[in-house]
>>> print(open('my_file_25.csv').read())   # CSV, C-alpha atoms
chain,number,residue,atom,x,y,z
X,1,MET,CA,8.9,62.0,6.7
X,2,ALA,CA,6.5,62.0,3.7
X,3,PRO,CA,5.8,58.5,2.3
X,4,LEU,CA,7.8,57.6,-0.8
X,5,PRO,CA,6.0,57.2,-4.1
X,6,ALA,CA,7.1,53.6,-4.4
X,7,THR,CA,6.1,50.0,-4.1
X,8,LEU,CA,7.9,47.9,-1.5
X,9,ARG,CA,8.5,44.1,-1.3
X,10,ILE,CA,9.9,42.5,1.9
X,11,LEU,CA,11.7,39.2,1.6
X,12,SER,CA,11.4,37.3,4.8
X,13,ASP,CA,12.9,34.1,6.2
X,14,GLY,CA,10.2,33.9,8.8
X,15,SER,CA,12.4,35.0,11.7
X,16,ALA,CA,10.5,37.3,14.0
X,17,GLY,CA,13.6,39.4,14.6
X,18,HIS,CA,14.3,39.9,10.9
X,19,GLU,CA,10.7,40.7,10.2
X,20,ALA,CA,10.6,43.3,13.0
X,21,GLN,CA,13.5,45.1,11.4
X,22,THR,CA,12.2,45.1,7.9
X,23,LEU,CA,8.6,46.0,8.9
X,24,GLY,CA,10.0,48.8,11.1
X,25,LEU,CA,11.7,50.3,8.0
X,26,ALA,CA,8.6,49.9,5.9
X,27,GLU,CA,6.5,51.7,8.5
X,28,ALA,CA,9.1,54.5,8.8
X,29,LEU,CA,9.1,54.9,5.0
X,30,GLY,CA,5.3,55.1,5.1
X,31,LEU,CA,5.0,52.1,2.7
X,32,GLU,CA,2.7,49.1,2.7
X,33,PRO,CA,4.9,46.1,2.1
X,34,ASP,CA,4.2,43.1,0.0
X,35,ILE,CA,5.8,40.3,2.2
X,36,ARG,CA,7.2,37.3,0.4
X,37,ARG,CA,8.5,34.6,2.6
X,38,VAL,CA,11.2,32.1,1.6
X,39,ALA,CA,12.1,28.7,2.9
X,40,PRO,CA,14.8,27.2,0.8
X,41,LYS,CA,15.2,23.4,1.0
X,42,GLY,CA,18.1,21.0,1.0
X,43,LEU,CA,21.2,22.1,-1.0
X,44,HIS,CA,19.7,25.6,-1.6
X,45,ASP,CA,19.4,26.1,2.2
X,46,LEU,CA,23.0,24.8,2.8
X,47,LEU,CA,24.5,27.0,0.1
X,48,ALA,CA,22.7,30.2,1.2
X,49,PRO,CA,23.7,33.0,0.9
X,50,PHE,CA,26.2,32.0,-1.8
X,51,GLY,CA,24.1,29.7,-4.0
X,52,PRO,CA,21.2,30.3,-6.3
X,53,PRO,CA,17.6,30.8,-4.9
X,54,ASP,CA,15.4,27.8,-4.5
X,55,PRO,CA,13.0,27.6,-7.5
X,56,LEU,CA,10.2,26.9,-5.0
X,57,ASP,CA,10.8,30.4,-3.7
X,58,ALA,CA,10.3,32.0,-7.1
X,59,GLU,CA,7.4,34.1,-5.9
X,60,ALA,CA,10.0,36.2,-4.0
X,61,PHE,CA,11.6,37.4,-7.2
X,62,ALA,CA,8.6,37.2,-9.6
X,63,PRO,CA,7.2,40.2,-11.5
X,64,PRO,CA,5.7,42.7,-11.3
X,65,TYR,CA,8.9,44.0,-9.9
X,66,PRO,CA,8.8,46.4,-6.9
X,67,ASP,CA,10.5,49.8,-6.8
X,68,ILE,CA,12.2,48.8,-3.5
X,69,ALA,CA,13.0,45.5,-1.9
X,70,ILE,CA,14.2,45.0,1.7
X,71,ALA,CA,15.5,41.7,2.9
X,72,ALA,CA,17.1,40.3,6.2
X,73,GLY,CA,18.6,36.9,6.9
X,74,ARG,CA,21.0,34.8,4.8
X,75,ARG,CA,18.3,32.8,3.2
X,76,THR,CA,16.9,35.9,1.6
X,77,ILE,CA,20.1,37.0,-0.1
X,78,PRO,CA,19.9,34.7,-3.2
X,79,PRO,CA,16.3,35.7,-4.1
X,80,LEU,CA,17.1,39.4,-3.4
X,81,ARG,CA,20.0,39.2,-5.8
X,82,ARG,CA,17.9,37.4,-8.4
X,83,LEU,CA,15.2,40.0,-8.0
X,84,LYS,CA,17.8,42.7,-8.7
X,85,ARG,CA,19.0,40.9,-11.8
X,86,ASP,CA,15.6,39.9,-13.2
X,87,SER,CA,14.2,43.5,-12.8
X,88,GLY,CA,17.0,44.7,-15.1
X,89,GLY,CA,18.5,46.6,-12.1
X,90,ARG,CA,15.4,48.7,-11.7
X,91,THR,CA,14.6,47.4,-8.2
X,92,PHE,CA,16.4,49.3,-5.4
X,93,THR,CA,17.6,46.6,-3.0
X,94,ILE,CA,18.3,46.9,0.7
X,95,TYR,CA,19.8,44.2,2.9
X,96,VAL,CA,19.6,44.5,6.7
X,97,ASN,CA,22.5,43.1,8.8
X,98,ALA,CA,26.1,42.4,7.6
X,99,PRO,CA,26.0,40.0,4.6
X,100,ALA,CA,28.6,37.3,4.2
X,101,THR,CA,28.4,38.0,0.5
X,102,GLY,CA,29.9,41.5,0.7
X,103,LEU,CA,29.1,45.0,-0.3
X,104,ARG,CA,27.6,44.0,-3.7
X,105,THR,CA,24.8,42.1,-2.0
X,106,ALA,CA,22.5,45.1,-2.3
X,107,ASP,CA,22.3,48.8,-3.3
X,108,LEU,CA,22.2,49.7,0.4
X,109,ILE,CA,23.3,47.6,3.4
X,110,VAL,CA,22.0,48.5,6.9
X,111,ALA,CA,24.5,46.9,9.3
X,112,PRO,CA,24.6,48.0,12.9
X,113,ARG,CA,27.7,49.8,14.0
X,114,HIS,CA,29.0,46.9,16.1
X,115,ASP,CA,29.3,44.7,13.0
X,116,ARG,CA,32.1,47.0,11.9
X,117,LEU,CA,31.1,46.9,8.2
X,118,THR,CA,32.2,50.0,6.2
X,119,GLY,CA,31.6,51.0,2.6
X,120,PRO,CA,30.0,53.7,0.5
X,121,ASN,CA,26.7,51.9,0.5
X,122,VAL,CA,26.6,51.0,4.2
X,123,ILE,CA,24.4,52.6,6.8
X,124,ALA,CA,25.8,51.8,10.3
X,125,PRO,CA,23.2,52.7,13.0
X,126,LEU,CA,23.8,52.2,16.7
X,127,THR,CA,20.7,50.0,17.0
X,128,PRO,CA,18.9,47.8,14.4
X,129,PRO,CA,15.7,49.1,12.9
X,130,ASN,CA,12.6,48.3,14.9
X,131,ARG,CA,8.8,49.0,15.1
X,132,VAL,CA,8.9,51.0,18.3
X,133,THR,CA,7.7,54.6,17.7
X,134,PRO,CA,6.5,57.4,20.1
X,135,GLU,CA,3.1,57.1,18.6
X,136,ARG,CA,2.8,53.3,19.2
X,137,LEU,CA,4.1,53.7,22.7
X,138,ALA,CA,1.6,56.6,23.4
X,139,ALA,CA,-1.3,54.5,22.1
X,140,ALA,CA,-0.3,51.6,24.3
X,141,ARG,CA,0.0,53.8,27.4
X,142,ALA,CA,-3.4,55.4,26.7
X,143,THR,CA,-5.1,51.9,26.4
X,144,PRO,CA,-2.9,49.4,28.1
X,145,ASP,CA,-3.4,45.7,27.8
X,146,SER,CA,-6.0,44.8,30.5
X,147,ARG,CA,-3.8,41.9,31.6
X,148,LEU,CA,-1.1,44.4,32.5
X,149,ALA,CA,-3.1,47.4,33.7
X,150,ALA,CA,-3.9,45.8,37.1
X,151,LEU,CA,-0.2,45.2,38.0
X,152,PRO,CA,1.1,47.4,40.8
X,153,ARG,CA,3.6,50.2,40.1
X,154,PRO,CA,6.5,50.6,39.6
X,155,ARG,CA,6.2,47.9,36.8
X,156,VAL,CA,9.2,45.9,35.5
X,157,ALA,CA,9.1,44.3,32.1
X,158,MET,CA,11.4,41.3,31.7
X,159,LEU,CA,12.2,40.5,28.1
X,160,ILE,CA,13.7,37.0,27.8
X,161,GLY,CA,15.7,35.6,24.9
X,162,ASP,CA,17.6,32.3,24.9
X,163,ALA,CA,19.2,33.4,28.2
X,164,LYS,CA,22.1,30.9,27.9
X,165,GLY,CA,24.2,30.8,31.0
X,166,VAL,CA,21.8,32.9,33.1
X,167,GLU,CA,18.7,30.7,33.1
X,168,GLU,CA,19.0,29.9,36.8
X,169,ASP,CA,19.0,33.5,37.8
X,170,LEU,CA,15.8,34.7,36.1
X,171,ASP,CA,13.1,33.1,38.1
X,172,HIS,CA,14.9,34.2,41.3
X,173,ILE,CA,15.1,37.7,40.0
X,174,ALA,CA,11.4,37.7,39.2
X,175,ALA,CA,10.6,36.4,42.7
X,176,ALA,CA,12.8,39.0,44.4
X,177,LEU,CA,11.2,41.8,42.4
X,178,LEU,CA,7.7,40.6,43.4
X,179,ALA,CA,8.8,40.4,47.1
X,180,GLY,CA,10.1,44.0,46.7
X,181,GLY,CA,6.6,45.2,45.7
X,182,TYR,CA,7.2,45.6,42.0
X,183,GLY,CA,4.6,44.6,39.4
X,184,VAL,CA,6.5,42.2,37.1
X,185,MET,CA,5.5,41.3,33.6
X,186,ALA,CA,7.6,39.0,31.4
X,187,THR,CA,7.5,37.7,27.9
X,188,PRO,CA,9.7,35.0,26.3
X,189,SER,CA,10.9,34.9,22.7
X,190,ARG,CA,10.8,32.0,20.3
X,191,ARG,CA,14.3,31.1,21.5
X,192,THR,CA,13.5,30.9,25.2
X,193,PRO,CA,13.9,27.3,26.5
X,194,PRO,CA,10.5,25.7,27.5
X,195,GLU,CA,11.8,24.8,30.9
X,196,LEU,CA,12.8,28.4,31.6
X,197,SER,CA,9.4,29.6,30.5
X,198,ARG,CA,7.8,27.1,32.9
X,199,LYS,CA,9.9,28.3,35.8
X,200,LEU,CA,9.2,32.0,35.1
X,201,GLY,CA,5.5,31.2,34.7
X,202,GLN,CA,5.5,29.6,38.1
X,203,ALA,CA,7.4,32.5,39.7
X,204,LEU,CA,5.1,35.1,38.2
X,205,ALA,CA,1.9,33.3,39.2
X,206,ALA,CA,2.2,35.1,42.5
X,207,PRO,CA,0.2,38.3,43.1
X,208,GLY,CA,1.7,41.2,41.2
X,209,GLY,CA,3.2,39.0,38.5
X,210,TRP,CA,2.2,38.1,35.0
X,211,PHE,CA,3.8,35.9,32.3
X,212,TRP,CA,2.8,35.7,28.7
X,213,ASP,CA,2.4,32.0,27.8
X,214,GLY,CA,1.6,32.6,24.2
X,215,GLY,CA,-2.1,32.8,24.7
X,216,GLY,CA,-4.1,35.7,23.4
X,217,GLU,CA,-2.7,38.8,21.7
X,218,ASN,CA,1.0,39.4,22.1
X,219,PRO,CA,1.3,42.3,24.7
X,220,TYR,CA,4.9,43.1,23.8
X,221,PHE,CA,4.4,46.8,22.8
X,222,SER,CA,2.1,47.3,25.8
X,223,MET,CA,4.8,45.9,28.1
X,224,LEU,CA,7.4,48.3,26.6
X,225,ALA,CA,5.0,51.2,26.9
X,226,ASN,CA,3.8,50.6,30.4
X,227,ALA,CA,7.1,49.6,32.1
X,228,ASP,CA,8.8,51.9,34.5
X,229,ARG,CA,12.0,49.8,34.2
X,230,ILE,CA,13.1,47.0,31.8
X,231,ILE,CA,15.3,44.0,32.4
X,232,VAL,CA,16.4,42.2,29.2
X,233,THR,CA,18.6,39.2,28.7
X,234,GLY,CA,21.8,40.2,26.9
X,235,ASP,CA,21.5,37.8,24.0
X,236,SER,CA,19.2,39.7,21.7
X,237,VAL,CA,20.4,42.8,19.8
X,238,ASN,CA,16.8,43.5,18.7
X,239,MET,CA,15.2,43.3,22.2
X,240,ILE,CA,17.8,45.5,23.7
X,241,GLY,CA,17.4,48.1,21.0
X,242,GLU,CA,13.6,48.0,21.3
X,243,ALA,CA,13.9,48.5,25.1
X,244,ALA,CA,16.3,51.5,24.6
X,245,ALA,CA,13.7,53.1,22.3
X,246,THR,CA,11.3,53.6,25.3
X,247,GLY,CA,13.4,56.1,27.3
X,248,VAL,CA,13.0,54.1,30.6
X,249,PRO,CA,16.0,52.6,32.4
X,250,VAL,CA,17.1,49.4,30.8
X,251,HIS,CA,19.1,46.8,32.7
X,252,VAL,CA,20.8,44.2,30.6
X,253,ILE,CA,21.7,40.8,32.1
X,254,GLU,CA,25.0,40.3,30.4
X,255,PRO,CA,25.8,36.8,28.9
X,256,LEU,CA,28.6,34.9,30.7
X,257,ALA,CA,30.9,35.1,27.7
X,258,PRO,CA,29.6,37.8,25.3
X,259,ARG,CA,31.1,38.0,21.8
X,260,ARG,CA,33.4,41.0,21.1
X,261,LYS,CA,30.9,42.7,18.8
X,262,PHE,CA,28.1,42.2,21.3
X,263,LYS,CA,30.2,43.8,24.0
X,264,ALA,CA,30.8,46.7,21.5
X,265,TYR,CA,27.0,47.0,21.1
X,266,LEU,CA,26.4,47.2,24.8
X,267,ALA,CA,29.2,49.7,25.2
X,268,GLY,CA,27.7,51.9,22.5
X,269,LEU,CA,24.3,51.9,24.3
X,270,GLN,CA,25.9,52.5,27.6
X,271,GLY,CA,27.7,55.5,26.1
X,272,ALA,CA,24.4,56.8,24.8
X,273,GLY,CA,23.0,56.5,28.4
X,274,ALA,CA,20.3,54.0,27.6
X,275,ILE,CA,21.4,50.8,29.4
X,276,ARG,CA,23.3,49.6,32.4
X,277,ILE,CA,24.5,46.1,33.1
X,278,TRP,CA,22.4,44.4,35.8
X,279,LYS,CA,24.2,44.2,39.1
X,280,GLY,CA,21.3,43.4,41.4
X,281,PRO,CA,19.6,46.5,42.7
X,282,PHE,CA,17.9,48.9,40.3
X,283,GLU,CA,19.5,52.2,39.3
X,284,ASP,CA,17.5,55.2,38.2
X,285,TRP,CA,18.5,57.6,35.5
X,286,THR,CA,17.0,59.4,32.5
X,287,TYR,CA,18.0,59.6,28.9
X,288,ALA,CA,16.5,60.5,25.5
X,289,PRO,CA,15.1,57.4,23.8
X,290,VAL,CA,17.6,55.8,21.4
X,291,ASN,CA,16.1,54.7,18.1
X,292,SER,CA,18.0,54.6,14.8
X,293,THR,CA,15.0,53.7,12.7
X,294,PRO,CA,14.0,57.2,11.6
X,295,MET,CA,17.6,58.0,10.5
X,296,VAL,CA,17.9,54.8,8.6
X,297,ALA,CA,14.6,55.4,6.8
X,298,ARG,CA,15.7,58.9,5.8
X,299,ARG,CA,19.0,57.5,4.4
X,300,ILE,CA,17.1,54.9,2.4
X,301,ALA,CA,14.7,57.5,1.0
X,302,GLU,CA,17.7,59.7,0.0
X,303,GLY,CA,19.4,56.7,-1.6
X,304,TYR,CA,16.3,55.7,-3.5
X,305,ARG,CA,15.8,59.2,-4.9
X,306,ILE,CA,19.3,59.3,-6.1
X,307,PHE,CA,18.9,55.8,-7.6
X,308,ARG,CA,15.7,56.7,-9.3
X,309,THR,CA,16.9,59.9,-11.0
X,310,PRO,CA,18.8,58.4,-13.9
X,311,LEU,CA,16.0,55.9,-14.5
X,312,GLN,CA,13.6,58.8,-14.8
X,313,ALA,CA,16.0,60.6,-17.2
X,314,GLN,CA,15.9,57.4,-19.4
X,315,GLY,CA,12.1,57.5,-19.4
X,316,SER,CA,11.9,54.5,-17.2
X,317,ASN,CA,9.3,53.9,-14.5
X,318,PRO,CA,10.9,51.7,-11.7
X,319,GLY,CA,8.7,48.8,-10.9
X,320,SER,CA,6.7,48.9,-14.1
X,321,GLN,CA,8.5,46.0,-15.8
>>> encode(input="my_file_25.csv", output="structure tokens")
Amino acid sequence: MAPLPATLRILSDGSAGHEAQTLGLAEALGLEPDIRRVAPKGLHDLLAPFGPPDPLDAEAFAPPYPDIAIAAGRRTIPPLRRLKRDSGGRTFTIYVNAPATGLRTADLIVAPRHDRLTGPNVIAPLTPPNRVTPERLAAARATPDSRLAALPRPRVAMLIGDAKGVEEDLDHIAAALLAGGYGVMATPSRRTPPELSRKLGQALAAPGGWFWDGGGENPYFSMLANADRIIVTGDSVNMIGEAAATGVPVHVIEPLAPRRKFKAYLAGLQGAGAIRIWKGPFEDWTYAPVNSTPMVARRIAEGYRIFRTPLQAQGSNPGSQ
């Protein structure tokens, strides 16, 4: 897709998951984003997304106004709406995930299918937007992270979220995989309990194992690209979607009591052939990588062109105010 002739601002609440989604869309649109982070305090934080933006976050909605603004996370909604207002309606706004403030939150809303949000301005992809692309994976395979390249094959990537209810299983799974001759590489998220990271680090200190402890460059994309199989804890919509974008078998360790919409998400990916619920032994299968990001970017580009047309007819130049 050809890059849009537009300026882009991302409103971020600092969440790694939210930023991955918005940056994935920026990259798919071919746009260099101006990232403005918000951190509302006190009452402004408590009232978000329904209250006004924190004046301390005024940089997020300050001029010069961008042609397009993408936001994710409830704390970004007040400044996103203020940006729309202060730009005189000239900024095309996009909110990622289902907003509690309804369909009028933004010009376009990107809410994954399992959120069951419908409306004329809603894009409902199977997976959330992400930064996994065939080009990024190919580059990481051509020059793998040196810390991973020495691991034996087949290689298993373990992607760990908060892992509530399954913490006790993970270090045993890692040890069993090593004993079975697999190369095992694991990475925690910001939500992973420190004690679980410690146990996994100990288990993967054995030959054939490697655990990212936060030191050095994050090898996440290299792990995705160089894994023959992936195990991911079933508490992160983002990590599961990123794993499914690789085209290698993805086993999900299902939470003990998954929410209904999360079960719907897993069922959708199972229907697409991308994942299977972890039962113990590995299963082998093939599928076409599942990644909704290019489709969402195309829909955003189409929506922006339609939005821009009447402004051009009025002699306006979006983003010039």
>>> residues_near_point(input="my_file_25.csv", point="(5.2, 55.7, 16.6)", cutoff="12 Å", atoms="all atoms listed in the file", output="list in words")
Gly24, Glu27, Ala28, Gly30, Asn130, Arg131, Val132, Thr133, Pro134, Glu135, Arg136, Leu137, Ala138, Ala139, Ala140, Phe221, Ala225, Ala245, Thr246, Asn291, Thr293 and Pro294 of chain X
>>> closest_residue(input="my_file_25.csv", among="X:Gln21, X:Asn218, X:Thr105, X:Thr143", to="X:Thr127", atoms="only C-alpha atoms")
X:Gln21
>>> residues_near_point(input="my_file_25.csv", point="(21.2, 41.6, -9.6)", cutoff="12 Å", atoms="only C-alpha atoms", output="list in words")
Pro52, Phe61, Ala69, Ile77, Pro78, Pro79, Leu80, Arg81, Arg82, Leu83, Lys84, Arg85, Asp86, Ser87, Gly88, Gly89, Arg90, Thr91, Phe92, Thr93, Ile94, Arg104, Thr105, Ala106 and Asp107 of chain X
>>> atom_distance(input="my_file_25.csv", atom1="atom CA of X:Leu103", atom2="atom CA of X:Pro49")
13.2 Å
>>> residues_around(input="my_file_25.csv", residues="X:Pro33", least_positions_apart="2", cutoff="6 Å", atoms="only C-alpha atoms", output="compact mmCIF listing (two decimals) with C-alpha atoms, keeping the file's coordinate frame")
# COMPACT_ATOMS: atom_id res chain seq x y z
CA LEU X 8 7.90 47.90 -1.50
CA ARG X 9 8.50 44.10 -1.30
CA ILE X 35 5.80 40.30 2.20
>>> atom_distance(input="my_file_25.csv", atom1="atom CA of X:Ala175", atom2="atom CA of X:Pro207")
10.6 Å
>>> atom_distance(input="my_file_25.csv", atom1="atom CA of X:Thr192", atom2="atom CA of X:Arg276")
22.3 Å
>>> residues_around(input="my_file_25.csv", residues="X:Val232", least_positions_apart="3", cutoff="8 Å", atoms="only C-alpha atoms", output="list in words")
Met158, Leu159, Ile160, Gly161, Met239, Ile240, Ala243, Val250, His251, Val252 and Ile253 of chain X
>>> closest_residue(input="my_file_25.csv", among="X:Lys279, X:Arg155, X:Arg229, X:Arg113", to="X:Trp210", atoms="all atoms listed in the file")
X:Arg155
>>> closest_residue(input="my_file_25.csv", among="X:Asp67, X:Asp171, X:Asp57, X:Glu302", to="X:Leu31", atoms="all atoms listed in the file")
X:Asp67
>>> residues_around(input="my_file_25.csv", residues="X:His44", least_positions_apart="3", cutoff="10 Å", atoms="all atoms listed in the file", output="PDB file with C-alpha atoms, in the frame of the given file")
ATOM      1  CA  ALA X  39      12.100  28.700   2.900  1.00  0.00           C
ATOM      2  CA  PRO X  40      14.800  27.200   0.800  1.00  0.00           C
ATOM      3  CA  LYS X  41      15.200  23.400   1.000  1.00  0.00           C
ATOM      4  CA  LEU X  47      24.500  27.000   0.100  1.00  0.00           C
ATOM      5  CA  ALA X  48      22.700  30.200   1.200  1.00  0.00           C
ATOM      6  CA  PRO X  49      23.700  33.000   0.900  1.00  0.00           C
ATOM      7  CA  PHE X  50      26.200  32.000  -1.800  1.00  0.00           C
ATOM      8  CA  GLY X  51      24.100  29.700  -4.000  1.00  0.00           C
ATOM      9  CA  PRO X  52      21.200  30.300  -6.300  1.00  0.00           C
ATOM     10  CA  PRO X  53      17.600  30.800  -4.900  1.00  0.00           C
ATOM     11  CA  ASP X  54      15.400  27.800  -4.500  1.00  0.00           C
ATOM     12  CA  PRO X  55      13.000  27.600  -7.500  1.00  0.00           C
ATOM     13  CA  ARG X  75      18.300  32.800   3.200  1.00  0.00           C
ATOM     14  CA  PRO X  78      19.900  34.700  -3.200  1.00  0.00           C
TER      15      PRO X  78
END
>>> residues_around(input="my_file_25.csv", residues="X:Arg36", least_positions_apart="4", cutoff="8 Å", atoms="only C-alpha atoms", output="list in words")
Arg9, Ile10, Leu11, Ser12, Glu59 and Ala60 of chain X
>>> write_last_selection(input="my_file_25.csv", atoms="C-alpha atoms", output="PDB file, in the coordinates of the input")
ATOM      1  CA  ARG X   9       8.500  44.100  -1.300  1.00  0.00           C
ATOM      2  CA  ILE X  10       9.900  42.500   1.900  1.00  0.00           C
ATOM      3  CA  LEU X  11      11.700  39.200   1.600  1.00  0.00           C
ATOM      4  CA  SER X  12      11.400  37.300   4.800  1.00  0.00           C
ATOM      5  CA  GLU X  59       7.400  34.100  -5.900  1.00  0.00           C
ATOM      6  CA  ALA X  60      10.000  36.200  -4.000  1.00  0.00           C
TER       7      ALA X  60
END
>>> closest_residue(input="my_file_25.csv", among="X:Leu224, X:Ala150, X:Val110, X:Ala163", to="X:Glu195", atoms="only C-alpha atoms")
X:Ala163
>>> residues_around(input="my_file_25.csv", residues="X:Glu167", least_positions_apart="5", cutoff="9 Å", atoms="all atoms listed in the file", output="MDAnalysis selection string")
chainID X and resid 162 193 196
>>> closest_residue(input="my_file_25.csv", among="X:Tyr304, X:Tyr287, X:Phe282, X:Phe211", to="X:Leu4", atoms="all atoms listed in the file")
X:Tyr304
>>> closest_residue(input="my_file_25.csv", among="X:Leu108, X:Val166, X:Leu177, X:Val184", to="X:Pro152", atoms="only C-alpha atoms")
X:Val184
>>> decode(input="my_file_25.csv", residues="stretch 76-114 of chain X", atoms="C-alpha atoms", output="short mmCIF file (atom, residue, chain, number, x, y, z; two decimals), in the first residue's frame")
data_model
loop_
_atom_site.label_atom_id
_atom_site.label_comp_id
_atom_site.auth_asym_id
_atom_site.auth_seq_id
_atom_site.Cartn_x
_atom_site.Cartn_y
_atom_site.Cartn_z
CA THR X 76 -6.03 8.53 25.66
CA ILE X 77 -9.71 9.05 24.88
CA PRO X 78 -10.17 12.50 26.54
CA PRO X 79 -7.18 14.04 24.71
CA LEU X 80 -8.20 12.33 21.46
CA ARG X 81 -11.66 13.88 21.65
CA ARG X 82 -10.20 17.24 22.61
CA LEU X 83 -7.84 17.05 19.63
CA LYS X 84 -10.81 16.43 17.35
CA ARG X 85 -12.64 19.43 18.79
CA ASP X 86 -9.73 21.84 18.83
CA SER X 87 -8.75 20.97 15.25
CA GLY X 88 -12.17 22.11 14.12
CA GLY X 89 -12.95 18.54 13.13
CA ARG X 90 -10.09 18.45 10.63
CA THR X 91 -8.12 15.68 12.33
CA PHE X 92 -9.26 12.18 11.34
CA THR X 93 -9.37 10.23 14.59
CA ILE X 94 -8.99 6.48 15.14
CA TYR X 95 -9.39 4.61 18.40
CA VAL X 96 -8.07 1.06 18.79
CA ASN X 97 -10.07 -1.34 21.01
CA ALA X 98 -13.69 -1.06 22.14
CA PRO X 99 -14.25 2.31 23.87
CA ALA X 100 -16.54 2.64 26.87
CA THR X 101 -17.55 6.03 25.47
CA GLY X 102 -19.33 4.57 22.45
CA LEU X 103 -19.21 4.95 18.70
CA ARG X 104 -18.76 8.73 18.77
CA THR X 105 -15.37 8.35 20.42
CA ALA X 106 -13.59 8.61 17.06
CA ASP X 107 -14.17 8.74 13.32
CA LEU X 108 -13.07 5.10 13.10
CA ILE X 109 -12.91 2.45 15.80
CA VAL X 110 -10.77 -0.68 15.43
CA ALA X 111 -12.27 -3.22 17.83
CA PRO X 112 -11.37 -6.91 17.44
CA ARG X 113 -14.23 -9.18 16.46
CA HIS X 114 -14.46 -10.80 19.89
#
